[in-house]
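S.K.: Provided herewith is a single structure, encoded as structure tokens, for subsequent inquiry.
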Amino acid sequence: METSPGSHHDAPYQDDPRYDDPWYDALASGWGEPAAVGAHESTLPPTRREPAGETCRTAADVYLEVQRSEAFQEVRSRYRRFVVPAGVAFFGWYVAYVVTATTAPTLMARPVAGAVNVGMVAGIGQFLTTFVLTWAYARHARLRRDRAALELRWDTQELTREARGGAS
Amino acid sequence: MTDDHQALALVLFSAFVAVTLAITTWAGRHRQGSAEEFYAGGRLFSPMENGFAISGDYMSAASFLGISGLIALHGYDGMLYSVGFLVAWLVVLFLVAELVRNCGRFTLADVVAARMRERPVRIAAGTSSVTVSVLYLVAQMVGAGSLVALLLGGTTEAARTWTVVGVGALMVVYVSLGGMRATTWIQIVKAVLLLGGTVTLTALVLVRFHGDVDRLLRTAAGRSGHGDAFLAPGLAYGGDWTSRFDFISLGLALVLGTAGLPHILSRFYTVPTARAARRSVVWSIGLIGGFYLMTIVLGFGAAALVGPDAVRSSNAAGNTAVPLLALDLGGGADSTGGTVLFAVVAAVAFATILAVVAGVTLASSASVAHDLYASLRRRNAKPRSEVAVARLAAVGIGAAAIGLGLLARDLNVAFLVGLAFAVAASANLPVLLYSLFWRGFTTRGAVWAVWGGLVPSVVLVLLSPVVSGSPQSLFPDVDFQYFPLQNPGLVSVPLGFLAGWLGTLTSPEAPDEAKHAETEVRSLTGAGAA
């Protein structure tokens with residue numbers, strides 16, 4: 001950010017609105033198809049384009065670079081290593097529960113204690129596993145992911161700002 | 001019901017309307033008219049506030065009245081709803097909440113459009129969001145109608161009609177004047193009221209049985225006339241294989257649909273960070289889980305204390321089990337306690353409907369203005385303020401929901417909600433998951449995923465026994481029923497995923513690596529989040 005004075009900041013912003021605010025401005029300025037050059041003539045004065053290409057990174061390069069960085073891969077694999085097994089487990093357990101209830105009602109009707117039967121225990125078990133997995137996920141994310149993700153966030157934002165400053 | 005019930009319930013309900021209108025005015029005063037404020041309430045709610053608001057949005061009248069009623073009538077089979085509605089939140093927590101908060105601004109289409117060509121994606125996702133919302137709204141409107149029929153004793157057509165119109169008009173006022181800030185506070189107030197009412201009733205049921213759950217279950221089973229079969233699966237869905245598949249279909253729709261509900265997704269934008277979004281989901285899982293556990297107690301309590309026969313004779317679908325239970329717990333029909341408790345429950349149920357309706361309307365007006373209007377307006381048209389369009393859209397959606405609500409008034413409420421979930425799971429969830437997690441996903445894949453889920457789910461509903469061909473149908477006199485299941489989820493959800501996959505495979509364009517990198521980095525780190 002320090003390298004780009006305010007006057008420069010506006011130019012690349014118009015140069016390619018997607019990178020500054022991909023969710024909004026492209027539509028507001030045209031027809032929402034940034035690939036179609038025709039729609040952008042007014043915002044793409046060719047003079048602004050020339051020196052950028054070779055020497056400087058664009059914001060897109062920054063995201064690719066961050067995606068390939070070890071720090072990001074670590075955050076992503078921590079997320080996936082928790083979510084994939086836990087997701088498969090709870091979804092499988094839920095589907096098994098629903099399918100068993102509809103296909104094997106006699107098994108579910110087998111008494112466990114007093115009026116409580118297997119089906120009741122399984123149903124309450126679904127509640128319990130949901131609570132436990134929620135707690136485990138929140139804890140895992142807080143301890144294993146939040147700090148690294150936050151650092152990556154500031155780094156990435158810094159890099160995209162620099163890229164924007166440099167691109168002009 | 002007696003005049004006392006009605007008068008007291010009306011007073012309590014009017015008090016709720018007065019409070020919520022005051023909130024709306026107050027929220028409107030602080031408004032600056034920006035899209036950020038209107039759609040996301042300024043993004044500064046705390047996780048706890050948002051957790052309450054999410055549970056307020058989610059615990060609809062269908063849950064409160066419908067599930068307890070189903071348990072009271074069919075025993076264990078009703079309980080499967082409670083489980084599905086709760087387990088669905090793990091999908092939201094694991095795969096959706098944080099990532100959507102990080103890379104969207106206001107709507108579902110924001111997340112998808114970031115990677116793709118915006119216009120076709122926004123039109124598709126906007127259309128499906130509005131469809132889901134309208135179906136959900138119709139369910140709530142129908143619920144309001146039945147509740148009033150119960151309150152006023154008879155089924156006076158005029159009273160039902162005016163209730164539906166009144167609920168619609170009130171929600172338009174809330175949404176168009178108060179935006180997300182007012183809607184959120186209304187949800188919070190409603191969630192507290194609903195949980196308070198449920199805790200009270202549950203405590204009274206347990207006190208009645210001296211905390212002996214076993215005796216509660218035995219009494220319920222004995223009184224049901226089914227014996228132990230009442231406590232096991234199969235009473236409602238155990239008949240032929242069609243009804244069993246119908247149940248599996250419903251179960252799938254429930255667990256996958258929540259993550260595609262537009263009004264739930266838009267709630268994550270009201271907190272500042274992904275971490276806050278996660279913490280609000282944790283709050284709401286706690287609140288919603290507790291609530292559904294209590295509905296199970298209430299359902300069996302109603303079976304034990306009121307009896308399935310009395311419930312059925314009051315309302316064939318069981319929707320009145322909880323108010324009848326309240327009447328009994330308070331001391332019977334002629335006692336003051338019974339009157340008060342009944343009125344409180346009725347007013348809470350009504351407040352529930354009103355709040356849910358407001359939340360859904362807001363989300364769908366956001367889809368109309370932010371996705372459809374912004375994509376479809378003529379290129380050189382004078383850009384009208386998006387928020388002004390959203391306010392207008394709220395009026396239009398309100399009108400549509402009123403009309404459809406009057407048309408569909410005889411359909412079962414919980415069941416209509418099931419349909420909304422099925423459409424959400426088929427049309428919204430595949431495209432959302434693909435764009436968050438699949439590197440090779442393309443614009444054509446996204447568009448096909450939405451239409452490939454939306455069209456089959458809606459068409460299958462139209463061809464199902466819900467619409468024609470059976471005495472309970474919307475149009476009982478004609479028969480164009482070609483699809484046996486009432487809930488299309490079992491077929492349409494896989495179709496949505498399949499269509500997205502096929503669209504991507506046949507796509508002429510290569511997937512955009514850089515855009516995927518951007519979505520992935522942003523979704524997991526929060527870089528550049530709104």
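Here, A, B, ... name the chains of the structure tokens in the order displayed, residue numbers run from 1 inside each chain, and ligands are numbered from 1 in the same displayed order.
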Could you please select, counting only C-alpha atoms, the residues of chain A within 7 Å of chain B and state them as an MDAnalysis selection string?
M.R.: chainID A and resid 22:23 27 31:33 60 63:64 67 83 98:99 101:102 105 108:109 114:115 119 123 126:127 130 134 149:150 152:154 156:157
S.K.: What lies within 9 Å of range 182-196 of chain B using only C-alpha atoms, ignoring chain neighbours under 3 positions off, as a JSON list (two decimals) with C-alpha atoms, in the first residue's frame?
M.R.:
```json
[["chain", "number", "residue", "atom", "x", "y", "z"],
["B", 16, "PHE", "CA", -46.05, -8.76, 19.82],
["B", 19, "VAL", "CA", -43.30, -4.43, 19.81],
["B", 20, "THR", "CA", -42.05, -5.62, 16.44],
["B", 21, "LEU", "CA", -43.43, -2.55, 14.68],
["B", 23, "ILE", "CA", -38.43, -2.31, 16.51],
["B", 24, "THR", "CA", -38.97, -1.73, 12.82],
["B", 25, "THR", "CA", -39.45, 1.99, 13.31],
["B", 26, "TRP", "CA", -36.40, 2.17, 15.52],
["B", 27, "ALA", "CA", -34.29, 0.22, 13.04],
["B", 28, "GLY", "CA", -35.60, 2.33, 10.20],
["B", 41, "GLY", "CA", -27.96, -5.10, 8.88],
["B", 45, "PHE", "CA", -24.32, -8.43, 14.99],
["B", 49, "GLU", "CA", -27.39, -12.41, 18.58],
["B", 50, "ASN", "CA", -27.02, -14.00, 15.18],
["B", 51, "GLY", "CA", -27.26, -17.48, 16.70],
["B", 52, "PHE", "CA", -30.60, -16.57, 18.23],
["B", 53, "ALA", "CA", -31.71, -14.96, 14.98],
["B", 54, "ILE", "CA", -30.73, -18.04, 12.96],
["B", 55, "SER", "CA", -32.66, -20.29, 15.26],
["B", 56, "GLY", "CA", -35.54, -17.83, 15.08],
["B", 57, "ASP", "CA", -35.44, -18.07, 11.31],
["B", 59, "MET", "CA", -37.73, -22.87, 14.06],
["B", 64, "PHE", "CA", -43.31, -26.13, 16.72],
["B", 174, "TYR", "CA", -41.22, -5.10, 8.44],
["B", 175, "VAL", "CA", -38.99, -5.93, 5.54],
["B", 177, "LEU", "CA", -39.06, -0.40, 6.18],
["B", 178, "GLY", "CA", -36.71, -2.14, 8.56],
["B", 179, "GLY", "CA", -34.46, -4.23, 6.34],
["B", 199, "VAL", "CA", -39.20, -24.76, 28.02],
["B", 200, "THR", "CA", -42.24, -23.95, 30.17],
["B", 201, "LEU", "CA", -44.43, -26.55, 28.52],
["B", 267, "ARG", "CA", -27.90, -14.58, 7.94],
["B", 270, "THR", "CA", -24.88, -10.11, 9.31],
["B", 287, "LEU", "CA", -30.59, -23.67, 20.64],
["B", 290, "GLY", "CA", -32.51, -28.15, 22.61],
["B", 291, "PHE", "CA", -35.69, -27.02, 20.94],
["B", 345, "VAL", "CA", -48.88, -20.78, 22.98],
["B", 348, "VAL", "CA", -46.09, -17.52, 20.29],
["B", 349, "ALA", "CA", -46.94, -19.70, 17.31],
["B", 351, "ALA", "CA", -45.28, -14.61, 16.29],
["B", 352, "THR", "CA", -43.17, -17.46, 14.95],
["B", 355, "ALA", "CA", -40.96, -13.61, 12.05],
["B", 356, "VAL", "CA", -40.09, -16.48, 9.72],
["B", 358, "ALA", "CA", -40.23, -11.63, 7.37],
["B", 359, "GLY", "CA", -36.86, -13.37, 7.20],
["B", 362, "LEU", "CA", -36.06, -10.29, 2.98]]
```
S.K.: Extract, using only C-alpha atoms, all DNA, RNA and protein residues at most 10 Å from Ala400 in chain B, discarding same-chain residues fewer than 3 positions from it, and format them as an mmCIF file with C-alpha atoms, in the first residue's frame.
M.R.:
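Saved file out-v2.cif follows:
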```
data_model
loop_
_atom_site.group_PDB
_atom_site.id
_atom_site.type_symbol
_atom_site.label_atom_id
_atom_site.label_comp_id
_atom_site.auth_asym_id
_atom_site.auth_seq_id
_atom_site.Cartn_x
_atom_site.Cartn_y
_atom_site.Cartn_z
ATOM 1 C CA VAL B 134 -41.839 -18.543 -2.199
ATOM 2 C CA LEU B 137 -43.494 -18.576 2.436
ATOM 3 C CA VAL B 138 -46.577 -20.392 1.216
ATOM 4 C CA GLY B 168 -48.474 -10.763 4.276
ATOM 5 C CA ALA B 394 -40.656 -7.373 -1.010
ATOM 6 C CA VAL B 395 -44.086 -6.020 -1.892
ATOM 7 C CA GLY B 396 -44.296 -8.198 -5.000
ATOM 8 C CA ILE B 397 -43.171 -11.341 -3.219
ATOM 9 C CA GLY B 403 -52.086 -15.444 -3.460
ATOM 10 C CA LEU B 404 -50.447 -18.857 -3.349
ATOM 11 C CA GLY B 405 -51.076 -19.152 0.383
#
```
S.K.: Write out as a ChimeraX atom specification each polymer residue whose atoms come within 10 Å of Trp93 in chain A, counting only C-alpha atoms; drop sequence neighbours fewer than 4 positions from it.
M.R.: /A:87-89,97-99,122,125-126,129
S.K.: Output N, CA and C atoms for every residue in that selection, as an mmCIF file, in the first residue's frame.
M.R.:
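Ended up saving to selection_33.cif:
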```
data_model
loop_
_atom_site.group_PDB
_atom_site.id
_atom_site.type_symbol
_atom_site.label_atom_id
_atom_site.label_comp_id
_atom_site.auth_asym_id
_atom_site.auth_seq_id
_atom_site.Cartn_x
_atom_site.Cartn_y
_atom_site.Cartn_z
ATOM 1 N N GLY A 87 -17.515 -35.353 8.087
ATOM 2 C CA GLY A 87 -18.691 -35.236 7.236
ATOM 3 C C GLY A 87 -19.188 -36.595 6.777
ATOM 4 N N VAL A 88 -18.251 -37.425 6.316
ATOM 5 C CA VAL A 88 -18.634 -38.767 5.878
ATOM 6 C C VAL A 88 -19.263 -39.527 7.041
ATOM 7 N N ALA A 89 -18.671 -39.379 8.225
ATOM 8 C CA ALA A 89 -19.170 -40.127 9.379
ATOM 9 C C ALA A 89 -20.600 -39.720 9.726
ATOM 10 N N TYR A 97 -29.322 -44.378 9.775
ATOM 11 C CA TYR A 97 -30.436 -44.258 10.718
ATOM 12 C C TYR A 97 -31.772 -44.203 9.985
ATOM 13 N N VAL A 98 -31.851 -43.348 8.975
ATOM 14 C CA VAL A 98 -33.115 -43.199 8.247
ATOM 15 C C VAL A 98 -33.464 -44.491 7.510
ATOM 16 N N VAL A 99 -32.452 -45.084 6.860
ATOM 17 C CA VAL A 99 -32.721 -46.293 6.085
ATOM 18 C C VAL A 99 -33.114 -47.446 7.006
ATOM 19 N N ALA A 122 -31.104 -44.595 19.220
ATOM 20 C CA ALA A 122 -30.453 -44.114 18.006
ATOM 21 C C ALA A 122 -30.832 -42.663 17.730
ATOM 22 N N GLY A 125 -29.128 -40.548 20.066
ATOM 23 C CA GLY A 125 -27.722 -40.622 19.661
ATOM 24 C C GLY A 125 -27.413 -39.651 18.541
ATOM 25 N N GLN A 126 -28.339 -39.473 17.601
ATOM 26 C CA GLN A 126 -28.127 -38.499 16.527
ATOM 27 C C GLN A 126 -27.961 -37.091 17.099
ATOM 28 N N THR A 129 -24.431 -37.007 18.780
ATOM 29 C CA THR A 129 -23.297 -36.917 17.856
ATOM 30 C C THR A 129 -23.251 -35.537 17.211
#
```
S.K.: CA of Thr161 in chain B and CA of Val142 in chain B, how far apart in Å?
M.R.: 10.0 Å
S.K.: Counting only C-alpha atoms, what is within 10 Å of Ala125 in chain B, bar same-chain residues fewer than 3 positions away, as a ChimeraX atom specification?
M.R.: /B:107-110,112-113,120-122,128-131,367,371-372,427-428,431-432,446-447,449-451,454
S.K.: Take the residues from that selection and write them out as a CSV table (one decimal), in the first residue's frame, keeping N, CA and C atoms.
M.R.:
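Dumped to out-v2.csv:
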```
chain,number,residue,atom,x,y,z
B,107,THR,N,-25.9,-12.7,-1.2
B,107,THR,CA,-26.7,-13.8,-1.6
B,107,THR,C,-25.9,-15.0,-2.0
B,108,LEU,N,-26.6,-16.1,-2.2
B,108,LEU,CA,-26.0,-17.3,-2.7
B,108,LEU,C,-25.3,-17.1,-4.0
B,109,ALA,N,-25.9,-16.4,-4.9
B,109,ALA,CA,-25.4,-16.2,-6.3
B,109,ALA,C,-24.0,-15.5,-6.2
B,110,ASP,N,-23.8,-14.6,-5.2
B,110,ASP,CA,-22.5,-14.0,-5.1
B,110,ASP,C,-21.4,-14.9,-5.1
B,112,VAL,N,-21.2,-18.1,-6.2
B,112,VAL,CA,-21.0,-18.8,-7.4
B,112,VAL,C,-20.5,-17.8,-8.5
B,113,ALA,N,-21.1,-16.7,-8.6
B,113,ALA,CA,-20.8,-15.7,-9.7
B,113,ALA,C,-19.3,-15.3,-9.6
B,120,PRO,N,-25.4,-15.3,-16.5
B,120,PRO,CA,-26.2,-16.5,-16.5
B,120,PRO,C,-26.3,-17.2,-15.1
B,121,VAL,N,-25.2,-17.1,-14.4
B,121,VAL,CA,-25.2,-17.7,-13.1
B,121,VAL,C,-26.1,-17.0,-12.1
B,122,ARG,N,-26.1,-15.7,-12.2
B,122,ARG,CA,-27.0,-14.9,-11.3
B,122,ARG,C,-28.4,-15.2,-11.6
B,128,SER,N,-33.7,-19.7,-8.6
B,128,SER,CA,-34.0,-20.9,-7.7
B,128,SER,C,-34.1,-20.4,-6.3
B,129,SER,N,-33.4,-19.3,-5.9
B,129,SER,CA,-33.5,-18.8,-4.5
B,129,SER,C,-35.0,-18.3,-4.3
B,130,VAL,N,-35.5,-17.5,-5.3
B,130,VAL,CA,-36.8,-17.0,-5.2
B,130,VAL,C,-37.8,-18.1,-5.1
B,131,THR,N,-37.6,-19.2,-6.0
B,131,THR,CA,-38.6,-20.3,-5.9
B,131,THR,C,-38.6,-20.9,-4.6
B,367,SER,N,-32.5,-11.5,-3.4
B,367,SER,CA,-32.2,-12.3,-4.7
B,367,SER,C,-32.8,-11.6,-5.9
B,371,ASP,N,-29.6,-10.1,-7.6
B,371,ASP,CA,-29.2,-11.0,-8.6
B,371,ASP,C,-30.0,-10.8,-9.9
B,372,LEU,N,-31.3,-10.9,-9.8
B,372,LEU,CA,-32.1,-10.8,-11.0
B,372,LEU,C,-32.2,-9.4,-11.6
B,427,ALA,N,-31.5,-27.6,-6.1
B,427,ALA,CA,-31.1,-26.5,-7.0
B,427,ALA,C,-29.9,-25.7,-6.4
B,428,ASN,N,-29.9,-25.5,-5.1
B,428,ASN,CA,-28.9,-24.5,-4.5
B,428,ASN,C,-27.7,-25.2,-4.0
B,431,VAL,N,-24.7,-26.5,-6.7
B,431,VAL,CA,-23.9,-25.5,-7.3
B,431,VAL,C,-23.0,-24.8,-6.3
B,432,LEU,N,-23.5,-24.7,-5.0
B,432,LEU,CA,-22.8,-24.1,-4.0
B,432,LEU,C,-21.5,-24.9,-3.6
B,446,ALA,N,-22.2,-24.6,-13.6
B,446,ALA,CA,-23.0,-23.9,-12.6
B,446,ALA,C,-24.4,-23.7,-13.1
B,447,VAL,N,-24.6,-23.3,-14.3
B,447,VAL,CA,-25.9,-23.0,-14.8
B,447,VAL,C,-26.7,-24.3,-14.9
B,449,ALA,N,-26.2,-27.0,-13.2
B,449,ALA,CA,-26.5,-27.6,-11.8
B,449,ALA,C,-27.8,-26.9,-11.2
B,450,VAL,N,-27.9,-25.6,-11.4
B,450,VAL,CA,-29.1,-25.0,-10.9
B,450,VAL,C,-30.3,-25.4,-11.6
B,451,TRP,N,-30.3,-25.3,-12.9
B,451,TRP,CA,-31.6,-25.6,-13.6
B,451,TRP,C,-31.8,-27.1,-13.6
B,454,LEU,N,-33.4,-27.5,-10.2
B,454,LEU,CA,-34.7,-26.8,-10.0
B,454,LEU,C,-35.8,-27.3,-10.8
```
S.K.: So the first atom is CA of Phe342 in chain B and the second is CA of Leu206 in chain B; what is the distance between them in Å, to one decimal place?
M.R.: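 Between CA of Phe342 in chain B and CA of Leu206 in chain B the gap is 17.9 Å.
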S.K.: Write out as a count of residues only all residues of range 207-375 of chain B that backbone DSSP assigns to alpha helix (DSSP H).
M.R.: 116
S.K.: Identify, on the basis of only C-alpha atoms, every residue whose closest approach to Ser468 in chain B does not exceed 9 Å; exclude the query and any residue fewer than 4 positions from it along the same chain; express the result as a PDB file with C-alpha atoms, in the first residue's frame.
M.R.:
```
ATOM      1  CA  LEU B 462     -46.341 -30.985 -10.152  1.00  0.00           C
ATOM      2  CA  LEU B 463     -46.599 -34.625 -11.254  1.00  0.00           C
ATOM      3  CA  SER B 464     -46.784 -35.946  -7.690  1.00  0.00           C
ATOM      4  CA  GLN B 472     -55.877 -34.772  -0.515  1.00  0.00           C
ATOM      5  CA  SER B 473     -54.397 -33.144  -3.621  1.00  0.00           C
ATOM      6  CA  LEU B 474     -54.452 -29.504  -4.534  1.00  0.00           C
ATOM      7  CA  PHE B 475     -56.620 -30.382  -7.544  1.00  0.00           C
ATOM      8  CA  PRO B 476     -58.394 -33.593  -6.522  1.00  0.00           C
ATOM      9  CA  ASP B 477     -60.612 -33.662  -9.593  1.00  0.00           C
ATOM     10  CA  VAL B 478     -57.941 -34.084 -12.229  1.00  0.00           C
ATOM     11  CA  ASP B 479     -55.280 -36.737 -12.463  1.00  0.00           C
ATOM     12  CA  PHE B 480     -51.896 -36.073 -13.996  1.00  0.00           C
ATOM     13  CA  GLN B 481     -49.963 -37.878 -11.326  1.00  0.00           C
TER      14      GLN B 481
END
```
S.K.: Looking at B:Val387, B:Ala369, B:Asp240, B:Phe350, which one is nearest to Pro484 in chain B, with distances taken over only C-alpha atoms?
M.R.: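 Looking only at the distances to Pro484 in chain B, the closest residue turns out to be B:Asp240.
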S.K.: CA of Arg101 in chain B and CA of Thr504 in chain B, how far apart in Å?
M.R.: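 Interatomic distance here is 25.3 Å.
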S.K.: Ranking B:Ser266, B:Asn102, B:Ser133, B:Thr320 by minimum distance to Phe421 in chain B and counting only C-alpha atoms, which one comes first?
M.R.: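 Under the stated criterion, the closest residue is B:Ser133.
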S.K.: Considering only C-alpha atoms, return as a list in words whatever protein or nucleic-acid residues lie within 8 Å of range 327-334 of chain B, sequence-local ones (same chain, fewer than 5 positions apart) excluded.
M.R.: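 Counting only C-alpha atoms, the residues come to Leu201, Leu204, Val205, Leu305, Val306, Thr339, Val340, Leu341 and Phe342 of chain B.
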S.K.: Any chance you could export the current selection's C-alpha atoms as a short mmCIF file (atom, residue, chain, number, x, y, z; two decimals), in the first residue's frame?
M.R.:
```
data_model
loop_
_atom_site.label_atom_id
_atom_site.label_comp_id
_atom_site.auth_asym_id
_atom_site.auth_seq_id
_atom_site.Cartn_x
_atom_site.Cartn_y
_atom_site.Cartn_z
CA LEU B 201 -44.43 -26.55 28.52
CA LEU B 204 -44.79 -28.85 32.99
CA VAL B 205 -45.00 -32.14 31.10
CA LEU B 305 -52.15 -36.25 28.23
CA VAL B 306 -54.47 -35.21 25.41
CA THR B 339 -56.73 -20.25 29.23
CA VAL B 340 -53.55 -18.29 29.81
CA LEU B 341 -51.23 -21.06 28.66
CA PHE B 342 -53.31 -21.75 25.58
#
```
S.K.: Check the smallest atom-to-atom distance from each of B:Val132, B:Val96, B:Ala316, B:Ala35 to Gly66 in chain B using only C-alpha atoms, then report the winner.
M.R.: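 Closest to Gly66 in chain B, using only C-alpha atoms: B:Ala316.
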